[in-house]
Every structure is written in structure tokens, then in C-alpha cells.
file my_file.cif (mmCIF, C-alpha atoms and all ligand atoms)
data_my_file
loop_
_atom_site.label_atom_id
_atom_site.label_comp_id
_atom_site.auth_asym_id
_atom_site.auth_seq_id
_atom_site.Cartn_x
_atom_site.Cartn_y
_atom_site.Cartn_z
CA MET B 1 12.56 10.87 42.10
CA ALA B 2 11.15 7.33 41.66
CA SER B 3 13.25 5.02 39.50
CA THR B 4 12.06 4.56 35.91
CA VAL B 5 14.11 1.39 35.42
CA GLY B 6 11.95 -1.41 34.06
CA GLN B 7 8.96 0.95 33.72
CA VAL B 8 7.25 2.36 30.67
CA ILE B 9 8.25 6.03 30.41
CA LYS B 10 5.75 8.61 29.19
CA CYS B 11 7.44 11.55 27.50
CA LYS B 12 7.18 13.92 24.56
CA ALA B 13 8.22 12.92 21.05
CA ALA B 14 7.89 14.57 17.65
CA VAL B 15 5.82 12.09 15.65
CA CYS B 16 5.51 12.26 11.87
CA TRP B 17 2.18 10.62 11.07
CA GLY B 18 2.49 10.61 7.29
CA ALA B 19 4.77 11.49 4.35
CA GLY B 20 4.96 15.24 3.84
CA GLU B 21 3.29 16.08 7.15
CA SER B 22 4.72 18.35 9.83
CA LEU B 23 5.92 16.71 13.03
CA LYS B 24 3.47 16.67 15.93
CA ILE B 25 4.64 16.85 19.53
CA GLU B 26 2.81 13.97 21.21
CA GLU B 27 2.90 12.11 24.48
CA VAL B 28 4.40 8.69 23.73
CA GLU B 29 5.06 5.59 25.79
CA VAL B 30 8.61 4.25 25.63
CA ALA B 31 8.91 0.62 26.75
CA PRO B 32 11.91 -0.50 28.81
CA PRO B 33 14.92 -1.87 26.95
CA LYS B 34 14.91 -5.60 26.23
CA ALA B 35 18.08 -7.74 26.22
CA HIS B 36 20.95 -6.01 24.40
CA GLU B 37 19.05 -2.73 24.24
CA VAL B 38 19.68 0.65 25.83
CA ARG B 39 17.17 3.36 26.82
CA ILE B 40 18.55 6.87 26.47
CA LYS B 41 17.35 10.25 27.69
CA ILE B 42 18.00 12.44 24.64
CA LEU B 43 19.15 15.95 25.56
CA HIS B 44 20.03 17.42 22.17
CA THR B 45 19.63 16.51 18.54
CA GLY B 46 20.65 18.03 15.25
CA ILE B 47 18.33 18.05 12.25
CA CYS B 48 20.00 16.52 9.20
CA HIS B 49 18.84 16.84 5.61
CA THR B 50 18.18 13.08 5.70
CA ASP B 51 15.46 13.61 8.34
CA GLU B 52 13.77 16.03 5.96
CA TYR B 53 14.26 13.60 3.06
CA THR B 54 12.32 10.88 4.93
CA ARG B 55 9.72 13.29 6.33
CA SER B 56 9.01 14.60 2.84
CA GLY B 57 8.28 11.11 1.48
CA LYS B 58 11.36 10.85 -0.76
CA ASP B 59 12.88 7.90 1.14
CA SER B 60 12.09 4.55 -0.45
CA GLU B 61 12.48 3.03 3.03
CA GLY B 62 10.24 5.64 4.68
CA LEU B 63 7.58 4.30 7.07
CA PHE B 64 4.89 6.15 9.04
CA PRO B 65 4.02 6.96 11.78
CA VAL B 66 7.65 7.42 12.76
CA ILE B 67 9.89 9.23 15.23
CA LEU B 68 12.69 10.66 13.10
CA GLY B 69 16.10 11.98 14.23
CA HIS B 70 19.55 10.42 14.05
CA GLU B 71 22.01 13.13 15.18
CA GLY B 72 21.50 13.01 18.96
CA GLY B 73 23.26 13.00 22.26
CA GLY B 74 21.99 11.88 25.66
CA ILE B 75 22.42 10.00 28.90
CA VAL B 76 21.78 6.28 29.40
CA GLU B 77 18.68 5.88 31.60
CA SER B 78 18.68 2.07 31.77
CA ILE B 79 20.08 -1.00 30.04
CA GLY B 80 18.64 -4.38 29.13
CA GLU B 81 20.05 -7.76 30.08
CA GLY B 82 23.46 -8.55 28.62
CA VAL B 83 24.50 -4.95 27.89
CA THR B 84 28.15 -4.44 28.82
CA SER B 85 29.34 -1.63 26.53
CA VAL B 86 27.47 1.24 28.22
CA ALA B 87 26.05 1.84 31.71
CA PRO B 88 23.33 4.06 33.22
CA GLY B 89 24.60 7.63 33.49
CA ASP B 90 26.95 7.34 30.51
CA CYS B 91 27.05 10.22 28.07
CA VAL B 92 26.25 8.63 24.70
CA ILE B 93 25.76 9.16 20.99
CA PRO B 94 23.31 6.85 19.18
CA LEU B 95 24.70 5.32 15.98
CA TYR B 96 22.66 4.79 12.82
CA THR B 97 25.54 2.72 11.52
CA ALA B 98 25.88 -0.06 14.07
CA GLU B 99 29.16 -1.77 14.91
CA CYS B 100 28.73 -5.31 16.29
CA ARG B 101 32.34 -6.43 15.67
CA GLU B 102 31.07 -9.93 14.96
CA CYS B 103 29.29 -9.95 11.60
CA LYS B 104 30.83 -10.60 8.18
CA PHE B 105 30.91 -6.88 7.42
CA CYS B 106 32.48 -5.84 10.72
CA LYS B 107 35.08 -8.61 10.54
CA SER B 108 35.96 -7.89 6.90
CA GLY B 109 38.05 -4.86 7.75
CA LYS B 110 36.76 -3.43 4.45
CA THR B 111 33.66 -1.46 5.50
CA ASN B 112 31.87 0.26 8.37
CA LEU B 113 28.51 -1.15 7.21
CA CYS B 114 27.46 -3.60 9.95
CA GLY B 115 24.88 -6.29 9.13
CA LYS B 116 23.71 -7.10 12.64
CA VAL B 117 20.61 -4.88 12.92
CA ARG B 118 20.33 -3.25 9.48
CA SER B 119 17.35 -5.24 8.18
CA THR B 120 15.05 -4.58 11.18
CA GLN B 121 16.38 -0.99 11.33
CA GLY B 122 15.17 -0.50 7.75
CA GLN B 123 11.74 -1.80 8.81
CA GLY B 124 11.55 0.79 11.59
CA LEU B 125 11.80 -1.88 14.29
CA MET B 126 14.09 -3.09 17.03
CA PRO B 127 16.10 -6.29 16.38
CA ASP B 128 13.25 -8.49 17.74
CA SER B 129 10.98 -6.96 15.04
CA THR B 130 8.85 -4.93 17.46
CA SER B 131 8.71 -1.23 18.37
CA ARG B 132 9.39 0.26 21.81
CA PHE B 133 7.21 3.31 20.99
CA THR B 134 3.44 3.67 21.19
CA CYS B 135 1.31 6.76 20.76
CA ARG B 136 -2.46 7.00 21.15
CA GLY B 137 -2.54 3.20 21.48
CA GLN B 138 -0.70 2.42 18.25
CA PRO B 139 2.89 1.37 17.59
CA VAL B 140 5.17 4.04 16.11
CA HIS B 141 8.17 3.18 13.91
CA HIS B 142 11.76 3.76 14.93
CA PHE B 143 14.01 5.58 12.43
CA MET B 144 17.58 4.69 11.47
CA GLY B 145 17.83 2.73 14.73
CA THR B 146 18.05 6.00 16.68
CA SER B 147 14.79 8.11 16.77
CA THR B 148 16.40 11.05 18.52
CA PHE B 149 13.32 13.31 18.16
CA SER B 150 11.98 11.69 21.36
CA GLN B 151 12.90 12.68 24.92
CA TYR B 152 13.56 8.98 25.51
CA THR B 153 14.56 6.43 22.88
CA VAL B 154 15.62 2.80 22.81
CA VAL B 155 18.50 1.58 20.64
CA ALA B 156 20.39 -1.69 20.17
CA ASP B 157 23.59 -1.93 22.22
CA VAL B 158 25.59 -2.18 18.99
CA SER B 159 24.07 1.17 17.96
CA VAL B 160 25.38 3.41 20.74
CA VAL B 161 28.74 4.63 22.02
CA ALA B 162 29.78 6.20 25.31
CA VAL B 163 31.89 9.36 25.04
CA ASN B 164 33.72 11.73 27.39
CA LYS B 165 31.23 12.89 30.05
CA THR B 166 32.55 16.44 29.92
CA ALA B 167 31.66 16.84 26.23
CA PRO B 168 28.84 19.33 25.53
CA LEU B 169 26.05 17.25 24.01
CA ASP B 170 24.56 20.26 22.22
CA LYS B 171 27.71 20.20 20.07
CA VAL B 172 28.98 16.60 19.93
CA CYS B 173 25.49 15.38 18.94
CA LEU B 174 26.55 16.48 15.44
CA LEU B 175 29.09 13.64 15.49
CA GLY B 176 26.05 11.35 15.25
CA CYS B 177 25.95 12.16 11.55
CA GLY B 178 27.04 15.33 9.73
CA ILE B 179 30.49 16.12 11.05
CA THR B 180 31.60 12.50 11.23
CA THR B 181 30.34 11.73 7.72
CA ALA B 182 32.29 14.63 6.24
CA TRP B 183 35.43 13.92 8.27
CA GLY B 184 35.48 10.23 7.36
CA ALA B 185 34.74 10.83 3.68
CA VAL B 186 38.06 12.68 3.48
CA VAL B 187 40.42 11.01 5.96
CA LYS B 188 39.49 7.51 4.81
CA GLN B 189 40.22 8.41 1.21
CA PRO B 190 43.97 8.00 0.67
CA GLY B 191 45.85 10.62 -1.34
CA ILE B 192 44.03 13.88 -0.56
CA LYS B 193 47.18 15.60 0.71
CA ASP B 194 48.64 17.86 -2.02
CA SER B 195 45.72 17.01 -4.34
CA THR B 196 43.01 19.05 -6.02
CA VAL B 197 39.48 18.69 -4.63
CA ALA B 198 36.01 19.86 -5.68
CA VAL B 199 33.09 19.82 -3.27
CA PHE B 200 29.55 20.11 -4.64
CA GLY B 201 27.08 21.47 -2.09
CA CYS B 202 28.08 23.66 0.85
CA GLY B 203 25.71 22.50 3.58
CA ALA B 204 27.07 20.96 6.78
CA ILE B 205 28.36 17.92 4.90
CA GLY B 206 30.07 19.81 2.09
CA LEU B 207 31.59 22.36 4.47
CA GLY B 208 32.86 19.53 6.64
CA VAL B 209 34.49 17.95 3.60
CA ILE B 210 36.11 21.28 2.72
CA SER B 211 37.35 21.78 6.28
CA THR B 212 38.80 18.28 6.55
CA ALA B 213 40.41 18.45 3.09
CA ALA B 214 42.10 21.69 4.19
CA VAL B 215 43.36 20.09 7.42
CA VAL B 216 44.64 17.05 5.51
CA GLY B 217 46.54 19.36 3.13
CA ALA B 218 44.71 19.43 -0.20
CA SER B 219 46.48 21.87 -2.53
CA ARG B 220 43.36 23.39 -4.09
CA ILE B 221 39.76 23.12 -2.90
CA ILE B 222 37.01 24.43 -5.15
CA ALA B 223 33.56 24.73 -3.56
CA VAL B 224 30.55 24.57 -5.90
CA ASP B 225 27.08 25.71 -4.81
CA ILE B 226 24.09 27.34 -6.49
CA ASN B 227 23.71 29.67 -3.50
CA SER B 228 26.38 32.40 -3.60
CA GLY B 229 25.62 33.07 0.06
CA LYS B 230 27.66 29.94 0.73
CA LYS B 231 30.84 31.49 -0.71
CA ASP B 232 31.95 33.10 2.56
CA TRP B 233 31.20 29.92 4.45
CA ALA B 234 33.22 27.82 2.02
CA LEU B 235 36.22 30.17 2.12
CA LYS B 236 36.06 30.34 5.93
CA MET B 237 36.17 26.54 6.12
CA GLY B 238 39.23 26.35 3.86
CA ALA B 239 38.09 26.41 0.24
CA THR B 240 40.54 28.20 -2.05
CA GLU B 241 37.86 29.13 -4.60
CA PHE B 242 34.07 29.20 -5.00
CA VAL B 243 32.04 28.66 -8.18
CA ASN B 244 28.30 29.19 -8.63
CA PRO B 245 27.25 27.11 -11.69
CA THR B 246 24.25 29.38 -12.33
CA GLU B 247 26.54 32.38 -12.79
CA LEU B 248 28.77 30.97 -15.55
CA PRO B 249 28.75 33.04 -18.76
CA GLY B 250 26.64 31.96 -21.73
CA GLY B 251 25.17 28.82 -20.17
CA ARG B 252 28.60 27.18 -20.04
CA ARG B 253 28.49 23.67 -18.51
CA ILE B 254 29.97 23.56 -15.03
CA GLN B 255 32.01 20.41 -15.70
CA ASP B 256 33.61 22.01 -18.78
CA HIS B 257 34.48 25.10 -16.75
CA LEU B 258 35.97 23.09 -13.91
CA VAL B 259 38.01 20.83 -16.20
CA GLU B 260 39.39 23.91 -17.97
CA ILE B 261 40.44 25.80 -14.84
CA THR B 262 42.12 22.70 -13.38
CA ASP B 263 44.07 21.62 -16.47
CA GLY B 264 42.06 18.43 -16.99
CA GLY B 265 39.99 17.99 -13.85
CA PHE B 266 40.27 17.15 -10.17
CA ASP B 267 42.05 14.39 -8.32
CA PHE B 268 39.03 14.08 -6.02
CA THR B 269 35.43 15.31 -6.10
CA PHE B 270 32.60 14.92 -3.57
CA ASP B 271 28.86 15.22 -4.05
CA ALA B 272 27.14 16.60 -0.96
CA THR B 273 23.86 17.60 -2.65
CA GLY B 274 21.91 14.37 -3.23
CA ASN B 275 21.11 15.59 -6.76
CA VAL B 276 21.84 12.91 -9.37
CA GLN B 277 22.66 15.47 -12.10
CA VAL B 278 25.25 17.00 -9.77
CA MET B 279 26.65 13.53 -9.08
CA ARG B 280 27.24 13.16 -12.81
CA VAL B 281 28.95 16.53 -13.01
CA ALA B 282 31.14 15.58 -10.05
CA LEU B 283 32.25 12.41 -11.80
CA GLU B 284 32.87 14.15 -15.11
CA ALA B 285 34.89 16.90 -13.40
CA CYS B 286 37.42 14.25 -12.33
CA HIS B 287 40.77 14.01 -14.07
CA LYS B 288 41.11 11.39 -16.79
CA GLY B 289 43.16 8.41 -15.67
CA TRP B 290 42.90 8.81 -11.90
CA GLY B 291 40.13 11.11 -10.62
CA VAL B 292 37.93 9.68 -7.87
CA SER B 293 34.39 10.93 -7.21
CA THR B 294 32.66 10.16 -3.91
CA ILE B 295 28.88 10.28 -3.55
CA ILE B 296 27.77 11.35 -0.06
CA GLY B 297 24.39 12.90 -0.92
CA VAL B 298 21.27 10.75 -0.63
CA ALA B 299 19.03 10.81 -3.71
CA ALA B 300 15.24 10.58 -3.76
CA ALA B 301 13.42 7.29 -4.38
CA GLY B 302 13.45 6.41 -8.07
CA GLN B 303 16.45 8.58 -8.93
CA GLU B 304 19.38 6.93 -10.71
CA ILE B 305 22.86 8.07 -11.69
CA ALA B 306 24.08 8.00 -15.28
CA THR B 307 27.19 8.82 -17.24
CA ARG B 308 28.89 7.56 -20.39
CA PRO B 309 30.74 4.35 -19.44
CA PHE B 310 33.68 5.91 -21.31
CA GLN B 311 34.11 8.19 -18.27
CA LEU B 312 35.00 5.10 -16.22
CA VAL B 313 36.84 3.28 -19.00
CA THR B 314 39.16 6.26 -19.11
CA GLY B 315 40.14 5.89 -15.51
CA ARG B 316 37.68 7.81 -13.36
CA THR B 317 36.32 6.03 -10.28
CA TRP B 318 32.81 6.44 -8.88
CA ARG B 319 32.33 5.50 -5.22
CA GLY B 320 30.18 6.37 -2.22
CA THR B 321 30.30 6.50 1.53
CA ALA B 322 27.88 6.06 4.45
CA PHE B 323 28.69 7.73 7.78
CA GLY B 324 32.06 8.56 6.23
CA GLY B 325 33.21 4.96 6.50
CA VAL B 326 33.54 5.51 10.25
CA LYS B 327 33.10 2.68 12.77
CA GLY B 328 31.16 4.54 15.41
CA ARG B 329 31.86 2.56 18.59
CA THR B 330 35.58 2.43 17.85
CA GLU B 331 36.15 5.91 16.44
CA LEU B 332 33.64 8.35 17.94
CA PRO B 333 35.26 8.60 21.41
CA GLY B 334 38.47 9.76 19.66
CA LEU B 335 36.60 12.33 17.58
CA VAL B 336 35.03 13.71 20.75
CA GLU B 337 38.53 14.05 22.24
CA ASP B 338 39.71 15.77 19.04
CA TYR B 339 36.84 18.24 19.44
CA LEU B 340 37.63 18.84 23.12
CA ASN B 341 41.30 19.39 22.20
CA GLY B 342 40.43 21.93 19.50
CA LYS B 343 41.49 19.68 16.62
CA LEU B 344 38.02 19.18 15.14
CA LYS B 345 35.54 21.97 14.37
CA ILE B 346 31.92 21.51 15.48
CA ASP B 347 30.74 24.81 17.04
CA GLU B 348 31.16 26.62 13.72
CA TYR B 349 28.41 24.51 12.09
CA VAL B 350 25.71 25.28 14.68
CA THR B 351 23.94 28.32 13.24
CA HIS B 352 20.48 27.76 14.72
CA HIS B 353 19.06 26.59 18.05
CA ARG B 354 15.46 25.56 18.65
CA LYS B 355 13.40 24.46 21.61
CA PHE B 356 11.76 21.06 21.22
CA GLU B 357 8.32 22.64 20.65
CA GLU B 358 9.84 24.56 17.73
CA ILE B 359 11.20 21.51 15.90
CA ASN B 360 9.11 22.18 12.78
CA GLU B 361 10.63 25.66 12.59
CA GLY B 362 14.00 23.89 12.73
CA PHE B 363 13.02 22.02 9.57
CA HIS B 364 12.06 25.34 7.95
CA ASP B 365 15.41 26.84 9.04
CA MET B 366 17.13 24.08 7.10
CA HIS B 367 15.60 25.24 3.84
CA ARG B 368 16.92 28.76 4.33
CA GLY B 369 20.36 29.38 2.84
CA ASP B 370 21.78 30.70 6.11
CA CYS B 371 21.26 27.52 8.15
CA ILE B 372 24.12 25.05 8.36
CA ARG B 373 22.89 23.02 11.33
CA CYS B 374 20.00 23.56 13.75
CA VAL B 375 20.37 21.90 17.16
CA VAL B 376 17.20 21.15 19.12
CA ASP B 377 17.10 21.27 22.94
CA MET B 378 14.99 18.24 23.90
CA SER B 379 14.39 19.21 27.52
N1 LIG E 401 26.09 9.36 3.00
C1 LIG E 401 25.88 9.71 4.24
O1 LIG E 401 26.27 9.01 5.19
C2 LIG E 401 25.19 10.99 4.54
C3 LIG E 401 24.52 11.66 3.55
N2 LIG E 401 23.89 12.85 3.80
C4 LIG E 401 23.28 13.53 2.67
O2 LIG E 401 24.20 14.53 2.25
C5 LIG E 401 23.50 15.58 1.56
C6 LIG E 401 23.91 16.91 2.13
O3 LIG E 401 23.43 17.04 3.45
P1 LIG E 401 23.43 18.48 4.18
O4 LIG E 401 24.76 19.11 4.06
O5 LIG E 401 22.84 18.24 5.51
O6 LIG E 401 22.38 19.22 3.23
P2 LIG E 401 22.16 20.77 2.89
O7 LIG E 401 20.84 20.86 2.21
O8 LIG E 401 22.40 21.58 4.11
O9 LIG E 401 23.32 21.13 1.86
C7 LIG E 401 23.23 20.87 0.48
C8 LIG E 401 23.84 22.07 -0.24
O10 LIG E 401 23.87 21.78 -1.64
C9 LIG E 401 23.40 22.94 -2.35
N3 LIG E 401 22.89 22.56 -3.66
C10 LIG E 401 21.63 22.17 -4.00
N4 LIG E 401 21.58 21.91 -5.32
C11 LIG E 401 22.83 22.14 -5.81
C12 LIG E 401 23.39 22.09 -7.12
N5 LIG E 401 22.65 21.74 -8.17
N6 LIG E 401 24.70 22.38 -7.27
C13 LIG E 401 25.45 22.74 -6.19
N7 LIG E 401 24.95 22.85 -4.94
C14 LIG E 401 23.67 22.55 -4.76
C15 LIG E 401 22.33 23.49 -1.43
O11 LIG E 401 22.04 24.84 -1.78
P3 LIG E 401 20.67 25.52 -1.28
O12 LIG E 401 20.97 25.99 0.12
O13 LIG E 401 20.45 26.64 -2.22
O14 LIG E 401 19.61 24.45 -1.34
C16 LIG E 401 23.01 23.35 -0.08
O15 LIG E 401 23.91 24.43 0.17
C17 LIG E 401 22.01 15.24 1.73
O16 LIG E 401 21.59 14.56 0.55
C18 LIG E 401 22.00 14.29 2.91
O17 LIG E 401 20.85 13.45 2.89
C19 LIG E 401 23.92 13.42 5.04
C20 LIG E 401 24.56 12.79 6.06
C21 LIG E 401 25.21 11.50 5.91
N1 LIG E 402 16.86 4.88 3.12
C1 LIG E 402 17.49 5.37 1.93
C2 LIG E 402 18.99 5.40 2.06
C3 LIG E 402 19.43 6.49 2.97
C4 LIG E 402 20.92 6.48 3.13
O1 LIG E 402 21.65 6.23 2.21
N2 LIG E 402 21.37 6.76 4.35
C5 LIG E 402 22.77 6.86 4.64
C6 LIG E 402 22.96 7.74 5.78
S1 LIG E 402 22.31 9.34 5.49
C7 LIG E 402 22.48 10.12 6.90
O2 LIG E 402 22.10 11.23 7.06
C8 LIG E 402 23.38 5.52 4.99
O3 LIG E 402 24.05 5.33 6.00
N3 LIG E 402 23.20 4.56 4.16
C9 LIG E 402 23.65 3.22 4.41
C10 LIG E 402 22.54 2.39 4.99
O4 LIG E 402 22.80 1.23 5.32
O5 LIG E 402 21.42 2.92 5.11
C11 LIG E 402 17.10 4.54 0.71
O6 LIG E 402 16.51 3.49 0.89
O7 LIG E 402 17.43 5.00 -0.38
ZN ZN E 403 22.30 12.58 8.73
ZN ZN E 404 28.58 -6.00 12.49
#
call {"tool": "encode", "arguments": {"input": "my_file.cif", "output": "C-alpha cells", "more": "lines below"}}
Ligand SMILES: NC(=O)C1=CN([C@@H]2O[C@H](COP(=O)(O)OP(=O)(O)OC[C@H]3O[C@@H](n4cnc5c(N)ncnc54)[C@H](OP(=O)(O)O)[C@@H]3O)[C@@H](O)[C@H]2O)C=CC1
Ligand SMILES: N[C@@H](CCC(=O)N[C@@H](CSC=O)C(=O)NCC(=O)O)C(=O)O
Ligand SMILES: [Zn+2]
Ligand SMILES: [Zn+2]
result
Amino acid sequence: MASTVGQVIKCKAAVCWGAGESLKIEEVEVAPPKAHEVRIKILHTGICHTDEYTRSGKDSEGLFPVILGHEGGGIVESIGEGVTSVAPGDCVIPLYTAECRECKFCKSGKTNLCGKVRSTQGQGLMPDSTSRFTCRGQPVHHFMGTSTFSQYTVVADVSVVAVNKTAPLDKVCLLGCGITTAWGAVVKQPGIKDSTVAVFGCGAIGLGVISTAAVVGASRIIAVDINSGKKDWALKMGATEFVNPTELPGGRRIQDHLVEITDGGFDFTFDATGNVQVMRVALEACHKGWGVSTIIGVAAAGQEIATRPFQLVTGRTWRGTAFGGVKGRTELPGLVEDYLNGKLKIDEYVTHHRKFEEINEGFHDMHRGDCIRCVVDMS
């Protein structure tokens, strides 16, 4: 087959032309990678709730037309000048949280949030402020620096990591977001061993938090979800109990119930719903004096969190995490090895598979209570 290196590639991509619209499979042109960029043939991608959040128009950073997707796996097709970290043929995972190892954030040792490409990423553009995608003669925005709903995508070299070539990409693509976020939210939070934990929301993220908290050795893990169908899932992943707030007697408030059954509240709580009222409950279900609540869920544009400041004055801590605090280029190869060695669950989360042409059905799957993660075959 003729080499595509340096050429514009024509391929299929799922384009979202406007907020709230279904994705449309289109022929797109994907320009070759410029300096410090990498063009990737995407083989599989998960659909994360954050893709739906932006598609639906709830993302204050949302731009259209756009190629969504940020939970992918693929093979490097070609590299731009100056790229040394990956090579053609490498098995890679695109990273929506870059890791340049040079910026103030990366060098701080305090955060995984890299500053190198974040501003252009938020504008749906590559670091030189242009797009590599066109469709029907017009530029199409990138998304989260990854755009994995395209058969070929271009990412910055700081936004991609090579992993073990034997890893099945239809599984480890989930390390591009969901599994890693949940894992990091727990392991990077000191003190979970022998502690009490509440997890609000039992989607892929919440279940991953439950599973990791169980592995780390939490003494009691209470899963909270408004869908009782999630009870079996939560218990299977390691929760010790399950509570459905809508089934409490006499309209009792969930935070009052949780504080009562835990003798004062939890050591740690996690929001994995993106609902700001639930975030408040998660904070207020923390134990006075030391409870720590972590926000993972992403809330819609215009939403704000609130609580009585007294909740914080009396020793509760409110914090949040992006991509689980994980530095992707440094840590993802190890997580892939953990998966290959049976130390990290991924297969269990993949409940649905879809062909690329069925990607909109994959979004519908996500709204059904029985879908944890849908993986799309991009071939
Ligand atoms: N910070 C980060 O880096 C990341 C954040 N996210 C965000 O994390 C959140 C979770 O993602 P994901 O697991 O994929 O989403 P899902 O939609 O799969 O899971 C959310 C779960 O929360 C349940 N839920 C909804 N409302 C409530 C409520 N009031 N009380 C308790 N449970 C409730 C849902 O139930 P039902 O099924 O009935 O709707 C569902 O089971 C999203 O907001 C996503 O955008 C995702 C990845 C990374
Ligand atoms: N664009 C949104 C913010 C969305 C958000 O918080 N994204 C998370 C990852 S969610 C993955 O599924 C994140 O990494 N945030 C940090 C970042 O730098 O974006 C908005 O504007 O509200
Ligand atoms: Zn995600
Ligand atoms: Zn950086």
C-alpha cells in the first residue's frame, strides 16, 4: 500500500455539527502532523459521559463542528519533525491531560495539570492555533486534544503515550479516561486504607473508585445511586453496602441517613455524578474534623456548588481531581502492565460494543442503566 506519510489522509469521522445534534459519519481530511505532532490511526474508542456532556451543549468550552472522543487507542501512522517520544507503529493512548515535563505545572510536582497545550486545546485547536481536520471544505474543531471519534487523528507529542504492543486496544483504550481517573482518584489520596468511603454514582467512574478503594483496603465502602440496578454492580466491584436515596423512608435526607449509619460520617467521599446537589451531599456526608470529599463529576455550564461554610470550618475538605491526578506519559505504561498482569480490572467495565457506524446508538446505550462502558470499533 502507498505510504500516507506527509499526505492528507481521507477517512471517516463522526462529526458533531452543533450542540444537541447526533453525530454524523462524514468523510474528513486529516492533514499530516506538523512539528511535535503525531498522527494516529485510531482502532478503538470508549464513549465517556464527558463526550455526551459536550455533545449535548452543556460544556461551557463546547465548540462546533467538532470531532469528539477522548478514550481511544491506536497505532502511530506518522510523526512530525522533532518527535522523539513515539515512533510509527507504536501502540498508543492519546492523553487529554498532556505531560510536557517542562512547564511550571509539570515541574511543580504538585499536579498532573500540564500548561503546555491546554489553552489551544480548550479552543479546539492544535498548539499552532489551527485544526488538522476539514470536512466539506470547512475546518472542524479538535476535542480535548484527542478527537478519537475519527479513524485518524492528530495530537501534540506531549498528549500521547506508547504502551505495551501486546495490549488489547479495545480494552486499554479505557485507560485514556475512565479507569485511570477512578484509579488515580483513590490511590493518590493518602489514607484510604482502613477508612470508610462513600461513592456517589455507580457508572464507570464510580465503580472504578469502588474497585480501587477495595483493593487499597478501605474498611467500609457505601455505594450511592438512584438506580437500584447498580446495586449488584457496586457489590461485585467491592462495595460493602448500597443505598438508593430515592428509597429512604419518609423523604429522609440522604446525608442524614449516611451520617447516622456511619457514626458521624465518612472519612472519604467521592462524587461521580456531575450533579451539584449530589456534590453537596457528598461533602456533608463527611465526618466532622477530617472528612475529605473529592469531586470527579463534571457539572453543566452555569452550575455552581454550595454548602454552609460551617461545613468547612468544622474540618471537612472539598477537593477535586482531573484524570485522577495521573501523569499520563509517566504512569499509563505501568497501568497497562498492571492490566496485563491481572492487577487492574478493565474487561469488567465493557458492557457494550458498537461498530463505528453505530456510534450514536453507543451514546443511547450510555443513557440506559445497564451500560457501564461502550467501546466502538473504529475500523
Ligand atoms: N474529573 C475527571 O477527570 C473526569 C470526570 N468524569 C465525569 O464523571 C462523571 C461520571 O462519569 P461516568 O461514570 O462515565 O457517568 P455515568 O453516567 O455512567 O455514571 C453516573 C452514575 O450516577 C448516577 N446518578 C445520577 N444522578 C444521581 C444522584 N442524584 N445520586 C446518585 N447517583 C446518581 C447515574 O444513574 P443513572 O444511570 O440512573 O443516570 C449513573 O449510574 C461524569 O460527570 C463525567 O463527565 C469522567 C471522567 C473523568
Ligand atoms: N470543559 C469543561 C470542563 C470539563 C472537565 O472538567 N474535564 C475534565 C476531564 S473530564 C473527562 O472525561 C478535566 O480534565 N478537567 C481539567 C481540564 O483542564 O480540563 C468546562 O469548561 O467546564
Ligand atoms: Zn472521560
Ligand atoms: Zn507541562
call {"tool": "closest_residue", "arguments": {"input": "my_file.cif", "among": "B:Ala87, B:Val5, B:Ile47, B:Ala234", "to": "ligand LIG 402 (chain E)", "atoms": "all atoms listed in the file"}}
result
B:Ile47
call {"tool": "residues_near_ligand", "arguments": {"input": "my_file.cif", "ligand": "ligand ZN 404 (chain E)", "cutoff": "7 Å", "atoms": "only C-alpha atoms and all ligand atoms", "output": "compact mmCIF listing (two decimals) with C-alpha atoms, keeping the file's coordinate frame"}}
result
# COMPACT_ATOMS: atom_id res chain seq x y z
CA ALA B 98 25.88 -0.06 14.07
CA GLU B 99 29.16 -1.77 14.91
CA CYS B 100 28.73 -5.31 16.29
CA ARG B 101 32.34 -6.43 15.67
CA GLU B 102 31.07 -9.93 14.96
CA CYS B 103 29.29 -9.95 11.60
CA LYS B 104 30.83 -10.60 8.18
CA PHE B 105 30.91 -6.88 7.42
CA CYS B 106 32.48 -5.84 10.72
CA CYS B 114 27.46 -3.60 9.95
CA GLY B 115 24.88 -6.29 9.13
CA LYS B 116 23.71 -7.10 12.64
call {"tool": "closest_residue", "arguments": {"input": "my_file.cif", "among": "B:Thr111, B:Thr269, B:Ser228, B:Gln121", "to": "ligand LIG 401 (chain E)", "atoms": "only C-alpha atoms and all ligand atoms"}}
result
B:Ser228
call {"tool": "closest_residue", "arguments": {"input": "my_file.cif", "among": "B:Glu358, B:Asn164, B:Val199, B:Thr97", "to": "Leu113 (chain B)", "atoms": "only C-alpha atoms"}}
result
B:Thr97
call {"tool": "residues_near_ligand", "arguments": {"input": "my_file.cif", "ligand": "ligand ZN 403 (chain E)", "cutoff": "6 Å", "atoms": "only C-alpha atoms and all ligand atoms", "output": "short mmCIF file (atom, residue, chain, number, x, y, z; two decimals) with C-alpha atoms, in the coordinates of the input"}}
result
data_model
loop_
_atom_site.label_atom_id
_atom_site.label_comp_id
_atom_site.auth_asym_id
_atom_site.auth_seq_id
_atom_site.Cartn_x
_atom_site.Cartn_y
_atom_site.Cartn_z
CA CYS B 48 20.00 16.52 9.20
CA THR B 50 18.18 13.08 5.70
CA CYS B 177 25.95 12.16 11.55
CA GLY B 178 27.04 15.33 9.73
#
